[in-house]
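K.L.:
Input: one structure, supplied below.
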Amino acid sequence: MPRLPSVLLAFALAAPAAAETFNVDDARAHGDWHSLVLRLGDERHVRAIEQHSYSDSVFSVNATPGACDRPWLELRVELDEVQAETGTVNRVPVDLLIDQGWVHQGRAEFITERGNSGFYARLVLPDTDEALDEMRDGETLRLRIHRAEDDHWFLVFSLNGADAALARMETLCRGG
């Protein structure tokens, strides 16, 4: 099994759950993506992540056993500064585009966690399942986050390996 780069471990461990450090189990590489299990006591989550495109940002698809049919999409951005408070600090429109498909419009909730050195943008899309289906066959995922009027933040992530990582994440979630 390929070893995870240390920067990946840092991002994989930093789960938005009261800034606790989760143990990473059963990590596996799939092209530019990885699939893994996060554990802390009885708490368990599974994750498919892309940390190849940026040194300070990770795009992930996450699920929790018992709720495998409700995955969520999340972006984590390293701030190099430990956050003092936990909370949702902003909600802004977001657009997600796979290749040249149609634009999935939703919102991003910017979340900080006390003791965590980054912030999270949890993507809320009305059609998450459809976006995940497109990711499986796609090559490129593009995000446009509307921070303010005429102030957009653009990010582009590789989908090389996303299909295998998502399939394995689902298998891990269902206990396989």
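Lettering and numbering for the structure tokens are positional, with chains as A, B, ... in the shown order, residues counted from 1 in each chain, and ligands counted from 1 in the shown order.
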Compile the contact shell of stretch 85-97 of chain A as a PyMOL selection string: residues with an atom at most 10 Å away, counting only C-alpha atoms, same-chain residues fewer than 6 positions apart removed.

P.N.:
chain A and resi 16-19+103-116+119-125+131+134-135+138+140-148+152-156

K.L.:
According to DSSP computed on the backbone, where in chain A is there strand (DSSP E or B)? Give the residues as a PyMOL selection string.

P.N.:
chain A and resi 14+21+23-30+33-40+43-50+57-63+72-78+87-98+104-112+118-124+140-148+151-158

K.L.:
Near stretch 46-48 of chain A, within 10 Å and counting only C-alpha atoms, which residues show up once chain neighbours fewer than 4 positions away are dropped, as number ranges by chain?

P.N.:
A: 12, 24-30, 33-39, 59-65, 68, 71-73, 161-174

K.L.:
Using only N, CA and C atoms, please write the residues we just selected to a file, as a tab-separated table (two decimals), in the first residue's frame.

P.N.:
chain	number	residue	atom	x	y	z
A	12	ALA	N	-5.76	14.99	6.15
A	12	ALA	CA	-6.67	13.88	6.41
A	12	ALA	C	-7.04	13.81	7.88
A	24	VAL	N	-5.88	7.78	10.97
A	24	VAL	CA	-6.10	7.39	9.59
A	24	VAL	C	-5.83	5.90	9.47
A	25	ASP	N	-6.81	5.18	8.92
A	25	ASP	CA	-6.68	3.75	8.70
A	25	ASP	C	-6.94	3.44	7.23
A	26	ASP	N	-6.32	2.39	6.77
A	26	ASP	CA	-6.64	1.78	5.49
A	26	ASP	C	-6.61	2.79	4.33
A	27	ALA	N	-5.60	3.63	4.29
A	27	ALA	CA	-5.47	4.61	3.20
A	27	ALA	C	-4.95	3.93	1.94
A	28	ARG	N	-5.51	4.34	0.80
A	28	ARG	CA	-5.09	3.76	-0.47
A	28	ARG	C	-5.11	4.84	-1.54
A	29	ALA	N	-4.09	4.85	-2.38
A	29	ALA	CA	-3.97	5.82	-3.48
A	29	ALA	C	-4.76	5.33	-4.69
A	30	HIS	N	-5.37	6.30	-5.39
A	30	HIS	CA	-6.11	6.05	-6.63
A	30	HIS	C	-5.79	7.22	-7.56
A	33	TRP	N	-6.22	10.83	-6.30
A	33	TRP	CA	-7.13	10.74	-5.16
A	33	TRP	C	-6.65	9.66	-4.19
A	34	HIS	N	-7.18	9.71	-2.96
A	34	HIS	CA	-6.96	8.69	-1.95
A	34	HIS	C	-8.31	8.37	-1.30
A	35	SER	N	-8.42	7.17	-0.81
A	35	SER	CA	-9.57	6.80	0.02
A	35	SER	C	-9.01	6.34	1.36
A	36	LEU	N	-9.76	6.61	2.43
A	36	LEU	CA	-9.27	6.29	3.77
A	36	LEU	C	-10.40	6.26	4.77
A	37	VAL	N	-10.07	5.75	5.94
A	37	VAL	CA	-10.99	5.72	7.06
A	37	VAL	C	-10.41	6.60	8.16
A	38	LEU	N	-11.27	7.41	8.78
A	38	LEU	CA	-10.88	8.24	9.92
A	38	LEU	C	-11.58	7.69	11.16
A	39	ARG	N	-10.81	7.49	12.24
A	39	ARG	CA	-11.37	6.95	13.48
A	39	ARG	C	-10.92	7.78	14.67
A	59	PHE	N	-9.79	18.84	-1.49
A	59	PHE	CA	-11.20	18.64	-1.79
A	59	PHE	C	-11.54	17.23	-1.36
A	60	SER	N	-12.67	17.05	-0.66
A	60	SER	CA	-13.02	15.72	-0.18
A	60	SER	C	-14.50	15.44	-0.32
A	61	VAL	N	-14.78	14.15	-0.43
A	61	VAL	CA	-16.13	13.61	-0.34
A	61	VAL	C	-16.11	12.75	0.90
A	62	ASN	N	-17.09	12.95	1.77
A	62	ASN	CA	-17.09	12.33	3.09
A	62	ASN	C	-18.41	11.61	3.35
A	63	ALA	N	-18.35	10.56	4.14
A	63	ALA	CA	-19.55	9.84	4.53
A	63	ALA	C	-19.33	9.22	5.90
A	64	THR	N	-20.43	8.92	6.55
A	64	THR	CA	-20.40	8.32	7.87
A	64	THR	C	-21.20	7.02	7.84
A	65	PRO	N	-20.61	5.91	8.32
A	65	PRO	CA	-21.37	4.66	8.38
A	65	PRO	C	-22.70	4.88	9.11
A	68	CYS	N	-24.52	6.45	4.96
A	68	CYS	CA	-23.72	6.38	3.73
A	68	CYS	C	-24.41	7.03	2.54
A	71	PRO	N	-23.63	11.58	1.63
A	71	PRO	CA	-22.25	12.10	1.62
A	71	PRO	C	-22.24	13.62	1.51
A	72	TRP	N	-21.14	14.21	1.95
A	72	TRP	CA	-21.01	15.66	1.80
A	72	TRP	C	-19.67	15.99	1.15
A	73	LEU	N	-19.68	17.12	0.45
A	73	LEU	CA	-18.49	17.62	-0.25
A	73	LEU	C	-17.91	18.74	0.59
A	161	GLY	N	-8.66	9.29	-10.84
A	161	GLY	CA	-8.73	8.39	-9.70
A	161	GLY	C	-9.96	8.58	-8.83
A	162	ALA	N	-10.78	9.59	-9.11
A	162	ALA	CA	-11.96	9.86	-8.29
A	162	ALA	C	-12.93	8.69	-8.29
A	163	ASP	N	-13.15	8.08	-9.45
A	163	ASP	CA	-14.10	6.97	-9.54
A	163	ASP	C	-13.71	5.84	-8.59
A	164	ALA	N	-12.44	5.43	-8.63
A	164	ALA	CA	-11.98	4.34	-7.76
A	164	ALA	C	-12.03	4.75	-6.29
A	165	ALA	N	-11.65	5.98	-5.99
A	165	ALA	CA	-11.65	6.46	-4.60
A	165	ALA	C	-13.08	6.53	-4.06
A	166	LEU	N	-14.02	7.01	-4.87
A	166	LEU	CA	-15.41	7.09	-4.44
A	166	LEU	C	-16.02	5.70	-4.26
A	167	ALA	N	-15.71	4.79	-5.17
A	167	ALA	CA	-16.23	3.42	-5.05
A	167	ALA	C	-15.71	2.76	-3.77
A	168	ARG	N	-14.44	2.94	-3.50
A	168	ARG	CA	-13.85	2.34	-2.29
A	168	ARG	C	-14.41	3.01	-1.04
A	169	MET	N	-14.60	4.34	-1.08
A	169	MET	CA	-15.18	5.05	0.06
A	169	MET	C	-16.57	4.48	0.38
A	170	GLU	N	-17.37	4.24	-0.66
A	170	GLU	CA	-18.71	3.68	-0.44
A	170	GLU	C	-18.64	2.27	0.15
A	171	THR	N	-17.71	1.46	-0.34
A	171	THR	CA	-17.53	0.11	0.19
A	171	THR	C	-17.10	0.17	1.66
A	172	LEU	N	-16.15	1.03	1.98
A	172	LEU	CA	-15.70	1.18	3.37
A	172	LEU	C	-16.85	1.67	4.26
A	173	CYS	N	-17.66	2.56	3.73
A	173	CYS	CA	-18.75	3.12	4.52
A	173	CYS	C	-19.76	2.03	4.89
A	174	ARG	N	-20.01	1.15	3.95
A	174	ARG	CA	-21.01	0.09	4.16
A	174	ARG	C	-20.42	-1.11	4.91

K.L.:
Write out as a compact mmCIF listing (two decimals) with all heavy atoms, in the first residue's frame all residues of stretch 41-161 of chain A that DSSP puts in alpha helix (DSSP H) for this structure's backbone.

P.N.:
# COMPACT_ATOMS: atom_id res chain seq x y z
N THR A 128 -26.36 16.69 -5.03
CA THR A 128 -25.06 16.10 -4.70
C THR A 128 -24.85 14.76 -5.39
O THR A 128 -23.76 14.50 -5.93
CB THR A 128 -24.90 15.95 -3.17
OG1 THR A 128 -24.98 17.25 -2.58
CG2 THR A 128 -23.58 15.31 -2.81
N ASP A 129 -25.86 13.90 -5.40
CA ASP A 129 -25.70 12.58 -6.03
C ASP A 129 -25.39 12.71 -7.51
O ASP A 129 -24.54 11.98 -8.04
CB ASP A 129 -26.95 11.73 -5.83
CG ASP A 129 -27.11 11.27 -4.39
OD1 ASP A 129 -26.10 11.25 -3.65
OD2 ASP A 129 -28.25 10.92 -4.00
N GLU A 130 -26.03 13.63 -8.18
CA GLU A 130 -25.76 13.85 -9.60
C GLU A 130 -24.33 14.37 -9.82
O GLU A 130 -23.64 13.93 -10.74
CB GLU A 130 -26.78 14.83 -10.18
CG GLU A 130 -26.89 14.78 -11.67
CD GLU A 130 -28.10 15.55 -12.15
OE1 GLU A 130 -29.17 15.45 -11.53
OE2 GLU A 130 -27.95 16.27 -13.16
N ALA A 131 -23.90 15.27 -8.97
CA ALA A 131 -22.53 15.79 -9.07
C ALA A 131 -21.52 14.66 -8.85
O ALA A 131 -20.52 14.56 -9.57
CB ALA A 131 -22.31 16.92 -8.06
N LEU A 132 -21.77 13.78 -7.89
CA LEU A 132 -20.87 12.65 -7.64
C LEU A 132 -20.84 11.71 -8.84
O LEU A 132 -19.77 11.21 -9.21
CB LEU A 132 -21.30 11.90 -6.38
CG LEU A 132 -21.06 12.63 -5.06
CD1 LEU A 132 -21.70 11.87 -3.91
CD2 LEU A 132 -19.59 12.85 -4.81
N ASP A 133 -21.98 11.47 -9.45
CA ASP A 133 -22.01 10.63 -10.66
C ASP A 133 -21.16 11.23 -11.77
O ASP A 133 -20.42 10.52 -12.45
CB ASP A 133 -23.45 10.43 -11.15
CG ASP A 133 -24.25 9.48 -10.27
OD1 ASP A 133 -23.63 8.72 -9.49
OD2 ASP A 133 -25.49 9.50 -10.37
N GLU A 134 -21.24 12.53 -11.95
CA GLU A 134 -20.44 13.21 -12.97
C GLU A 134 -18.96 13.14 -12.63
O GLU A 134 -18.12 13.00 -13.52
CB GLU A 134 -20.88 14.66 -13.12
CG GLU A 134 -22.24 14.82 -13.77
CD GLU A 134 -22.65 16.28 -13.88
OE1 GLU A 134 -21.78 17.17 -13.95
OE2 GLU A 134 -23.87 16.53 -13.89
N MET A 135 -18.63 13.24 -11.35
CA MET A 135 -17.22 13.17 -10.93
C MET A 135 -16.59 11.84 -11.30
O MET A 135 -15.42 11.78 -11.66
CB MET A 135 -17.10 13.39 -9.41
CG MET A 135 -17.32 14.82 -8.97
SD MET A 135 -17.39 15.00 -7.17
CE MET A 135 -15.76 14.42 -6.70
N ARG A 136 -17.36 10.77 -11.25
CA ARG A 136 -16.85 9.43 -11.54
C ARG A 136 -16.33 9.30 -12.97
O ARG A 136 -15.39 8.57 -13.23
CB ARG A 136 -17.94 8.38 -11.32
CG ARG A 136 -18.33 8.23 -9.89
CD ARG A 136 -19.49 7.24 -9.76
NE ARG A 136 -20.01 7.21 -8.43
CZ ARG A 136 -19.44 6.60 -7.40
NH1 ARG A 136 -18.31 5.97 -7.56
NH2 ARG A 136 -20.00 6.62 -6.22
N ASP A 137 -16.96 10.01 -13.89
CA ASP A 137 -16.57 9.92 -15.30
C ASP A 137 -15.80 11.14 -15.78
O ASP A 137 -15.40 11.20 -16.93
CB ASP A 137 -17.83 9.77 -16.18
CG ASP A 137 -18.55 8.47 -15.90
OD1 ASP A 137 -17.87 7.45 -15.66
OD2 ASP A 137 -19.79 8.47 -15.90

K.L.:
Can you tell me how far atom CA of A:Gln83 sits from atom CA of A:Ser117, in Å to one decimal?

P.N.:
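Value for the atom CA of A:Gln83-atom CA of A:Ser117 distance: 5.9 Å.
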
K.L.:
Determine the nearest neighbour of A:Leu159 from the options A:Glu50, A:Asp56, A:Glu43, A:Glu74, counting only C-alpha atoms.

P.N.:
A:Glu50

K.L.:
How far is it from atom CA of A:Gln51 to atom CA of A:Ser158, in Å with one decimal?

P.N.:
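Answer for the atom CA of A:Gln51 to atom CA of A:Ser158 separation: 9.2 Å.
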
K.L.:
Pick from A:Leu40, A:Asn23, A:Phe157, A:Gly175: nearest to A:Val58, with only C-alpha atoms counted?

P.N.:
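Ranking A:Leu40, A:Asn23, A:Phe157, A:Gly175 by distance to A:Val58, first place goes to A:Phe157.
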